[in-house]
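These notes are about the structure you will find just below.
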Amino acid sequence: MTLAVGVEEEFHVLEVESGMLVPRAGDVLQGLPKGRYTTELLQSIVESNSDVHTTMDALWADLTRSRARLVGSAAGNGLAVVAAGTVPFTDRGACRVTPDRRYRHMVSEYRQIADEQLICGTHVHVDVPDRDTAVRMMCMISPWAPVLLALSASSPFWAGADTGYASWRTMLWQRWPTAGPAGCFPDAAAYDSAVNELIASGVVTDPGMIYYDLRPSDHQPTLELRVCDSSPSAETVVLVAAVFRALVMRATARIAAGGSPRCDGRHEWLRAATWRAARSGLEGDLIDPVSRRPAPAARVVRTMLARLRPELEACGDWATVRELTEKALAEGSAAHRLRRIAAREDLLGCVDELIALTRGPAGFAGAAPAAVLQAGGQSVRRDRVEPIGG
């Protein structure tokens, strides 16, 4: 059975000439369909929501069309949008909160954590049969979430400096009190009881603030992956979505057959594995979910795909996922590629590249991923615009 999938993407709003974040989400969203495009906590970030799809080709077409529309609206206001965990240049002026009672409370309560929420992620939703199944499969899928983070890592720079991490967004995100790997729960009632206890403690205000790397959606019959950086290239989003769907399919089948999570109750290694993925991306070791020992990223990724091949083949995704994976392993993470550009040019060159990749390959809006791969998948760089006074 092929499960439906949907994606939420977050984008930074930038001033084109300087590459600086600007709090102008309202200008970008003006005229765009509400619901499809929406605001976030801070006004320098916008979000787009895909439709629900059963094929990766349809999801790819949706994402590229959605990005094109967002890019066009930004350009009409002299702005650019960028899909990445962080962008190289930030200042306090970008921290303006979106006018919303809930958001204002978050800024008041969490202070600098909220002020520095200048980060963007990709969230993938996959259909599940019921909430009990969603909760039970979290334990089965969580060990592989850091691998998906490594594939998406795109945030090496923060406030004009190289952080040394492939995903600095992850390190900023994990400061929230409920962020990180989820625990294991026997059913939805146990999970909901734990959530209600957290709300009663006053540490969080509502279920939407349960920021686990995986969580059952509180308003849709889906399991949601939340660990990934926003990805400059839409093909990376498609890759992550296809693999996550295969993980959900595998876990669903195991539970339906009477299987149960093999959990020893120890989750410390999962937090360590997430840190390792955020630190190294695809360029160093990851923690192998089976042995819980360090192993080269390429080996861990290929092992994951080998395990999921039956589910990927059942969806017709195997060939595309294999090609996209080998391309990612050959080229390195987005963080690694951005560092190469910074060394060759400067950080504004990284901004140029992020803008171009977010815009996508010229002439391929809506084309299937395979078509872009066959054409080399290269986006056309815009002319460099030097910062004023630079």
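By convention here, the chains of the structure tokens are called A, B, ... in the order presented, each chain's residues are numbered starting at 1, and ligands are numbered starting at 1 in the order presented.
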Which of range 36-179 of chain A fall in alpha helix (DSSP H), as JSON, numbers by chain: {"A": [56, 57, 58, 59, 60, 61, 62, 63, 64, 65, 66, 67, 68, 69, 70, 71, 72, 73, 74, 75, 101, 102, 103, 104, 105, 106, 107, 108, 109, 110, 112, 113, 114, 115, 131, 132, 133, 134, 135, 136, 137, 138, 139, 140, 141, 145, 146, 147, 148, 149, 150, 151, 152, 168, 169, 170, 171, 172, 173]}
Find the residues of range 65-141 of chain A that sit at most 12 Å from range 192-206 of chain A; for each, write down the nearest two atoms and how far apart they are in Å, to one decimal. Count only C-alpha atoms. Sort by chain, then by number going up, and give it as a Markdown table.
```
| residue | atom | partner | partner_atom | distance |
| --- | --- | --- | --- | --- |
| A:Arg102 | CA | A:Thr205 | CA | 8.9 |
| A:Tyr103 | CA | A:Thr205 | CA | 11.1 |
| A:His105 | CA | A:Thr205 | CA | 9.3 |
| A:Met106 | CA | A:Thr205 | CA | 8.9 |
| A:Glu109 | CA | A:Val203 | CA | 9.2 |
| A:Tyr110 | CA | A:Val203 | CA | 9.7 |
| A:Arg131 | CA | A:Asp192 | CA | 10.2 |
| A:Asp132 | CA | A:Asp192 | CA | 10.5 |
| A:Val135 | CA | A:Asp192 | CA | 9.6 |
```
Those same residues - N, CA and C atoms - I'd like them written as a CSV table (one decimal), in the first residue's frame.
```
chain,number,residue,atom,x,y,z
A,102,ARG,N,-0.3,34.0,20.4
A,102,ARG,CA,0.5,32.8,20.8
A,102,ARG,C,2.0,33.1,20.6
A,103,TYR,N,2.4,33.7,19.5
A,103,TYR,CA,3.8,34.0,19.2
A,103,TYR,C,4.3,35.1,20.2
A,105,HIS,N,3.4,35.5,23.2
A,105,HIS,CA,3.7,34.7,24.5
A,105,HIS,C,5.0,34.0,24.4
A,106,MET,N,5.2,33.3,23.3
A,106,MET,CA,6.4,32.5,23.1
A,106,MET,C,7.7,33.4,23.3
A,109,GLU,N,8.0,34.4,26.9
A,109,GLU,CA,8.4,33.3,27.8
A,109,GLU,C,9.8,32.8,27.6
A,110,TYR,N,10.2,32.6,26.3
A,110,TYR,CA,11.4,31.9,26.0
A,110,TYR,C,12.6,32.9,25.6
A,131,ARG,N,-3.8,6.7,15.3
A,131,ARG,CA,-2.9,7.4,16.2
A,131,ARG,C,-2.0,6.5,17.0
A,132,ASP,N,-2.6,5.3,17.4
A,132,ASP,CA,-1.9,4.3,18.2
A,132,ASP,C,-0.7,3.8,17.4
A,135,VAL,N,2.1,6.5,17.2
A,135,VAL,CA,2.9,6.6,18.4
A,135,VAL,C,3.8,5.4,18.6
```
Go through A:Ala61, A:Ala297, A:Val290, A:Ala314 one by one, measure the shortest atom-to-atom distance of each to Ala246 in chain A using only C-alpha atoms, and give the residue with the smallest value. A:Ala314
Residues at most 9 Å from Leu282 in chain A, counting only C-alpha atoms, excluding those fewer than 6 positions away in the same chain, as number ranges by chain? A: 147, 150-151, 153, 166, 296-298, 328-329, 332-333, 336
Using only all heavy atoms, please write the residues we just selected to a file, as a PDB file, in the first residue's frame.
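After the write, again_13.pdb holds the following:
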```pdb
ATOM      1  N   VAL A 147      20.024  10.113  10.271  1.00  0.00           N
ATOM      2  CA  VAL A 147      20.540   9.902   8.914  1.00  0.00           C
ATOM      3  C   VAL A 147      19.845  10.860   7.946  1.00  0.00           C
ATOM      4  O   VAL A 147      20.470  11.437   7.043  1.00  0.00           O
ATOM      5  CB  VAL A 147      20.362   8.439   8.476  1.00  0.00           C
ATOM      6  CG1 VAL A 147      21.047   8.197   7.135  1.00  0.00           C
ATOM      7  CG2 VAL A 147      20.908   7.486   9.538  1.00  0.00           C
ATOM      8  N   ALA A 150      21.313  14.251   8.341  1.00  0.00           N
ATOM      9  CA  ALA A 150      22.601  14.381   7.645  1.00  0.00           C
ATOM     10  C   ALA A 150      22.392  14.651   6.155  1.00  0.00           C
ATOM     11  O   ALA A 150      23.125  15.442   5.553  1.00  0.00           O
ATOM     12  CB  ALA A 150      23.428  13.113   7.840  1.00  0.00           C
ATOM     13  N   LEU A 151      21.403  14.000   5.550  1.00  0.00           N
ATOM     14  CA  LEU A 151      21.118  14.225   4.125  1.00  0.00           C
ATOM     15  C   LEU A 151      20.666  15.659   3.867  1.00  0.00           C
ATOM     16  O   LEU A 151      20.910  16.207   2.792  1.00  0.00           O
ATOM     17  CB  LEU A 151      20.039  13.255   3.644  1.00  0.00           C
ATOM     18  CG  LEU A 151      20.468  11.801   3.453  1.00  0.00           C
ATOM     19  CD1 LEU A 151      19.244  10.909   3.258  1.00  0.00           C
ATOM     20  CD2 LEU A 151      21.410  11.666   2.250  1.00  0.00           C
ATOM     21  N   ALA A 153      21.438  18.440   5.819  1.00  0.00           N
ATOM     22  CA  ALA A 153      22.219  19.459   6.521  1.00  0.00           C
ATOM     23  C   ALA A 153      22.635  20.611   5.605  1.00  0.00           C
ATOM     24  O   ALA A 153      23.317  20.397   4.601  1.00  0.00           O
ATOM     25  CB  ALA A 153      23.453  18.815   7.148  1.00  0.00           C
ATOM     26  N   ALA A 166      27.560  21.056  10.363  1.00  0.00           N
ATOM     27  CA  ALA A 166      26.827  20.983   9.095  1.00  0.00           C
ATOM     28  C   ALA A 166      25.402  21.487   9.272  1.00  0.00           C
ATOM     29  O   ALA A 166      24.809  22.034   8.348  1.00  0.00           O
ATOM     30  CB  ALA A 166      26.812  19.543   8.573  1.00  0.00           C
ATOM     31  N   PRO A 296      31.224   5.331   8.512  1.00  0.00           N
ATOM     32  CA  PRO A 296      31.180   6.354   7.467  1.00  0.00           C
ATOM     33  C   PRO A 296      29.758   6.637   7.021  1.00  0.00           C
ATOM     34  O   PRO A 296      28.938   5.717   6.883  1.00  0.00           O
ATOM     35  CB  PRO A 296      32.016   5.736   6.342  1.00  0.00           C
ATOM     36  CG  PRO A 296      32.921   4.772   7.025  1.00  0.00           C
ATOM     37  CD  PRO A 296      32.133   4.216   8.172  1.00  0.00           C
ATOM     38  N   ALA A 297      29.458   7.906   6.806  1.00  0.00           N
ATOM     39  CA  ALA A 297      28.100   8.304   6.449  1.00  0.00           C
ATOM     40  C   ALA A 297      27.582   7.550   5.231  1.00  0.00           C
ATOM     41  O   ALA A 297      26.430   7.106   5.211  1.00  0.00           O
ATOM     42  CB  ALA A 297      28.054   9.809   6.199  1.00  0.00           C
ATOM     43  N   ALA A 298      28.419   7.387   4.216  1.00  0.00           N
ATOM     44  CA  ALA A 298      27.969   6.708   2.995  1.00  0.00           C
ATOM     45  C   ALA A 298      27.523   5.284   3.292  1.00  0.00           C
ATOM     46  O   ALA A 298      26.528   4.802   2.743  1.00  0.00           O
ATOM     47  CB  ALA A 298      29.083   6.710   1.952  1.00  0.00           C
ATOM     48  N   ALA A 328      23.873  12.769  -3.921  1.00  0.00           N
ATOM     49  CA  ALA A 328      24.128  13.465  -2.666  1.00  0.00           C
ATOM     50  C   ALA A 328      25.447  13.020  -2.038  1.00  0.00           C
ATOM     51  O   ALA A 328      26.225  13.845  -1.538  1.00  0.00           O
ATOM     52  CB  ALA A 328      22.976  13.225  -1.696  1.00  0.00           C
ATOM     53  N   LEU A 329      25.720  11.728  -2.073  1.00  0.00           N
ATOM     54  CA  LEU A 329      26.964  11.225  -1.484  1.00  0.00           C
ATOM     55  C   LEU A 329      28.188  11.684  -2.283  1.00  0.00           C
ATOM     56  O   LEU A 329      29.247  11.953  -1.719  1.00  0.00           O
ATOM     57  CB  LEU A 329      26.923   9.703  -1.403  1.00  0.00           C
ATOM     58  CG  LEU A 329      25.893   9.110  -0.433  1.00  0.00           C
ATOM     59  CD1 LEU A 329      25.876   7.596  -0.531  1.00  0.00           C
ATOM     60  CD2 LEU A 329      26.167   9.562   1.000  1.00  0.00           C
ATOM     61  N   GLY A 332      28.301  15.673  -1.661  1.00  0.00           N
ATOM     62  CA  GLY A 332      28.364  16.096  -0.275  1.00  0.00           C
ATOM     63  C   GLY A 332      27.113  16.845   0.135  1.00  0.00           C
ATOM     64  O   GLY A 332      26.259  17.189  -0.680  1.00  0.00           O
ATOM     65  N   SER A 333      27.002  17.092   1.417  1.00  0.00           N
ATOM     66  CA  SER A 333      25.846  17.821   1.936  1.00  0.00           C
ATOM     67  C   SER A 333      25.842  19.249   1.408  1.00  0.00           C
ATOM     68  O   SER A 333      26.864  19.774   0.951  1.00  0.00           O
ATOM     69  CB  SER A 333      25.887  17.844   3.467  1.00  0.00           C
ATOM     70  OG  SER A 333      27.008  18.597   3.913  1.00  0.00           O
ATOM     71  N   HIS A 336      28.483  21.247   3.094  1.00  0.00           N
ATOM     72  CA  HIS A 336      29.826  21.051   2.537  1.00  0.00           C
ATOM     73  C   HIS A 336      30.012  21.872   1.266  1.00  0.00           C
ATOM     74  O   HIS A 336      31.054  22.529   1.077  1.00  0.00           O
ATOM     75  CB  HIS A 336      30.022  19.567   2.248  1.00  0.00           C
ATOM     76  CG  HIS A 336      31.338  19.228   1.613  1.00  0.00           C
ATOM     77  ND1 HIS A 336      32.542  19.380   2.273  1.00  0.00           N
ATOM     78  CD2 HIS A 336      31.634  18.738   0.375  1.00  0.00           C
ATOM     79  CE1 HIS A 336      33.523  19.001   1.467  1.00  0.00           C
ATOM     80  NE2 HIS A 336      33.006  18.618   0.320  1.00  0.00           N
TER      81      HIS A 336
END
```
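The spacing separating CA of Arg266 in chain A from CA of Ser142 in chain A amounts to 12.3 Å.
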Contact table range 107-172 of chain A vs range 72-92 of chain A, cut-off 7 Å, shortest pair per residue, only C-alpha atoms, as a Markdown table:
```
| residue | atom | partner | partner_atom | distance |
| --- | --- | --- | --- | --- |
| A:Leu118 | CA | A:Thr86 | CA | 6.9 |
| A:Ile119 | CA | A:Thr86 | CA | 5.1 |
| A:Cys120 | CA | A:Gly85 | CA | 4.7 |
| A:Gly121 | CA | A:Gly85 | CA | 6.0 |
| A:Ser154 | CA | A:Ala84 | CA | 5.5 |
| A:Ser155 | CA | A:Gly85 | CA | 4.8 |
| A:Phe157 | CA | A:Pro88 | CA | 5.0 |
| A:Trp158 | CA | A:Pro88 | CA | 5.3 |
| A:Ala159 | CA | A:Phe89 | CA | 5.2 |
| A:Gly160 | CA | A:Pro88 | CA | 5.2 |
| A:Ser167 | CA | A:Gly85 | CA | 6.9 |
| A:Arg169 | CA | A:Gly85 | CA | 5.4 |
```
Rank nothing, just name the residue among A:Pro181, A:Gly35, A:Ala241, A:Arg67 nearest to Val7 in chain A, using only C-alpha atoms. A:Ala241
When you look at Glu10 in chain A with a cut-off of 12 Å (counting only C-alpha atoms), what residues show up, excluding the ones that are within fewer than 6 positions of it in the same chain? I need them as a ChimeraX atom specification. /A:25,36-50,63,66-67,70,81-86,117-124,226,228-232,237,358
Using DSSP on the backbone coordinates, identify all residues within range 8-184 of chain A classified as strand (DSSP E); present the result as JSON, numbers by chain. {"A": [8, 9, 10, 11, 12, 13, 14, 15, 37, 38, 39, 45, 46, 47, 48, 49, 79, 80, 81, 82, 121, 122, 123, 124, 125, 126, 127, 157, 158, 161, 162]}
Could you write out the selected residues, including N, CA and C atoms, as an mmCIF file, in the first residue's frame?
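Generated output (again_27.cif):
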```cif
data_model
loop_
_atom_site.group_PDB
_atom_site.id
_atom_site.type_symbol
_atom_site.label_atom_id
_atom_site.label_comp_id
_atom_site.auth_asym_id
_atom_site.auth_seq_id
_atom_site.Cartn_x
_atom_site.Cartn_y
_atom_site.Cartn_z
ATOM 1 N N GLU A 8 5.892 20.456 4.507
ATOM 2 C CA GLU A 8 5.919 21.864 4.887
ATOM 3 C C GLU A 8 7.364 22.347 4.755
ATOM 4 N N GLU A 9 7.559 23.432 4.017
ATOM 5 C CA GLU A 9 8.899 24.012 3.859
ATOM 6 C C GLU A 9 8.924 25.426 4.426
ATOM 7 N N GLU A 10 9.986 25.748 5.156
ATOM 8 C CA GLU A 10 10.183 27.093 5.675
ATOM 9 C C GLU A 10 11.299 27.781 4.890
ATOM 10 N N PHE A 11 11.124 29.092 4.666
ATOM 11 C CA PHE A 11 12.048 29.878 3.848
ATOM 12 C C PHE A 11 12.424 31.172 4.568
ATOM 13 N N HIS A 12 13.695 31.543 4.459
ATOM 14 C CA HIS A 12 14.157 32.834 4.934
ATOM 15 C C HIS A 12 13.822 33.916 3.907
ATOM 16 N N VAL A 13 13.525 35.105 4.402
ATOM 17 C CA VAL A 13 13.287 36.267 3.544
ATOM 18 C C VAL A 13 14.514 37.169 3.626
ATOM 19 N N LEU A 14 15.123 37.440 2.459
ATOM 20 C CA LEU A 14 16.390 38.182 2.419
ATOM 21 C C LEU A 14 16.268 39.448 1.583
ATOM 22 N N GLU A 15 17.062 40.435 1.964
ATOM 23 C CA GLU A 15 17.310 41.579 1.105
ATOM 24 C C GLU A 15 18.344 41.151 0.069
ATOM 25 N N TYR A 37 0.378 29.258 1.881
ATOM 26 C CA TYR A 37 1.552 30.020 2.329
ATOM 27 C C TYR A 37 1.168 30.738 3.615
ATOM 28 N N THR A 38 2.071 30.740 4.586
ATOM 29 C CA THR A 38 1.699 31.306 5.876
ATOM 30 C C THR A 38 2.913 31.872 6.599
ATOM 31 N N THR A 39 2.631 32.524 7.717
ATOM 32 C CA THR A 39 3.677 33.148 8.522
ATOM 33 C C THR A 39 4.268 32.138 9.503
ATOM 34 N N ILE A 45 10.596 34.857 8.161
ATOM 35 C CA ILE A 45 10.410 33.481 7.693
ATOM 36 C C ILE A 45 8.992 33.301 7.176
ATOM 37 N N VAL A 46 8.869 32.579 6.066
ATOM 38 C CA VAL A 46 7.559 32.190 5.538
ATOM 39 C C VAL A 46 7.536 30.678 5.354
ATOM 40 N N GLU A 47 6.334 30.136 5.308
ATOM 41 C CA GLU A 47 6.169 28.690 5.161
ATOM 42 C C GLU A 47 5.246 28.392 3.996
ATOM 43 N N SER A 48 5.565 27.323 3.271
ATOM 44 C CA SER A 48 4.653 26.827 2.230
ATOM 45 C C SER A 48 4.248 25.406 2.571
ATOM 46 N N ASN A 49 3.021 25.045 2.223
ATOM 47 C CA ASN A 49 2.470 23.725 2.518
ATOM 48 C C ASN A 49 2.046 23.058 1.224
ATOM 49 N N LEU A 79 12.978 41.308 -3.027
ATOM 50 C CA LEU A 79 13.484 40.397 -2.014
ATOM 51 C C LEU A 79 13.816 39.041 -2.627
ATOM 52 N N ALA A 80 14.376 38.179 -1.813
ATOM 53 C CA ALA A 80 14.632 36.800 -2.226
ATOM 54 C C ALA A 80 14.222 35.886 -1.088
ATOM 55 N N VAL A 81 13.894 34.641 -1.422
ATOM 56 C CA VAL A 81 13.630 33.634 -0.403
ATOM 57 C C VAL A 81 14.659 32.516 -0.544
ATOM 58 N N VAL A 82 15.028 31.947 0.588
ATOM 59 C CA VAL A 82 16.077 30.928 0.627
ATOM 60 C C VAL A 82 15.626 29.772 1.505
ATOM 61 N N GLY A 121 13.190 24.769 8.794
ATOM 62 C CA GLY A 121 13.197 23.322 8.676
ATOM 63 C C GLY A 121 12.230 22.834 7.612
ATOM 64 N N THR A 122 12.378 21.569 7.271
ATOM 65 C CA THR A 122 11.445 20.872 6.394
ATOM 66 C C THR A 122 10.733 19.813 7.221
ATOM 67 N N HIS A 123 9.417 19.801 7.168
ATOM 68 C CA HIS A 123 8.612 18.822 7.896
ATOM 69 C C HIS A 123 7.870 17.947 6.891
ATOM 70 N N VAL A 124 7.956 16.645 7.076
ATOM 71 C CA VAL A 124 7.314 15.693 6.171
ATOM 72 C C VAL A 124 6.240 14.939 6.933
ATOM 73 N N HIS A 125 5.025 14.908 6.381
ATOM 74 C CA HIS A 125 3.907 14.166 6.957
ATOM 75 C C HIS A 125 3.617 12.939 6.095
ATOM 76 N N VAL A 126 3.439 11.791 6.729
ATOM 77 C CA VAL A 126 3.049 10.570 6.023
ATOM 78 C C VAL A 126 1.824 9.982 6.721
ATOM 79 N N ASP A 127 0.863 9.538 5.929
ATOM 80 C CA ASP A 127 -0.360 8.945 6.465
ATOM 81 C C ASP A 127 -0.069 7.731 7.331
ATOM 82 N N PHE A 157 26.672 28.150 8.595
ATOM 83 C CA PHE A 157 27.042 29.521 8.944
ATOM 84 C C PHE A 157 25.988 30.168 9.837
ATOM 85 N N TRP A 158 26.457 31.013 10.734
ATOM 86 C CA TRP A 158 25.573 31.751 11.639
ATOM 87 C C TRP A 158 26.254 33.061 12.013
ATOM 88 N N ALA A 161 29.789 33.705 10.533
ATOM 89 C CA ALA A 161 30.913 32.834 10.870
ATOM 90 C C ALA A 161 30.567 31.376 10.588
ATOM 91 N N ASP A 162 31.618 30.587 10.358
ATOM 92 C CA ASP A 162 31.458 29.143 10.207
ATOM 93 C C ASP A 162 31.382 28.519 11.596
#
```
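Among the candidate residues A:Val227, A:Met137, A:Cys95, A:Ala145, the one lying nearest to Asp288 in chain A is A:Ala145, with distances computed using only C-alpha atoms.
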Under the rule that only C-alpha atoms are counted, which of A:Glu323, A:Glu116, A:Glu17, A:Asp346 is the nearest residue to Glu235 in chain A?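 Using only C-alpha atoms, Glu235 in chain A sits closest to A:Glu323.
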From the list A:Asp62, A:Glu224, A:Asp57, A:Asp100, which residue is nearest Val128 in chain A when using only C-alpha atoms?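 Ranked by minimum distance to Val128 in chain A, first place goes to A:Glu224.
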Determine, counting only C-alpha atoms, which protein, DNA and RNA residues have an atom within 12 Å of an atom of Trp269 in chain A; residues of the same chain fewer than 3 positions away are not included. Present the result as a ChimeraX atom specification. /A:142-143,146,180-181,264-266,272-276,286-294
Residues within 10 Å of Thr325 in chain A, only C-alpha atoms, excluding chain neighbours under 4 positions, as number ranges by chain: A: 151, 236, 239-240, 298, 301-302, 305, 319-321, 329-331
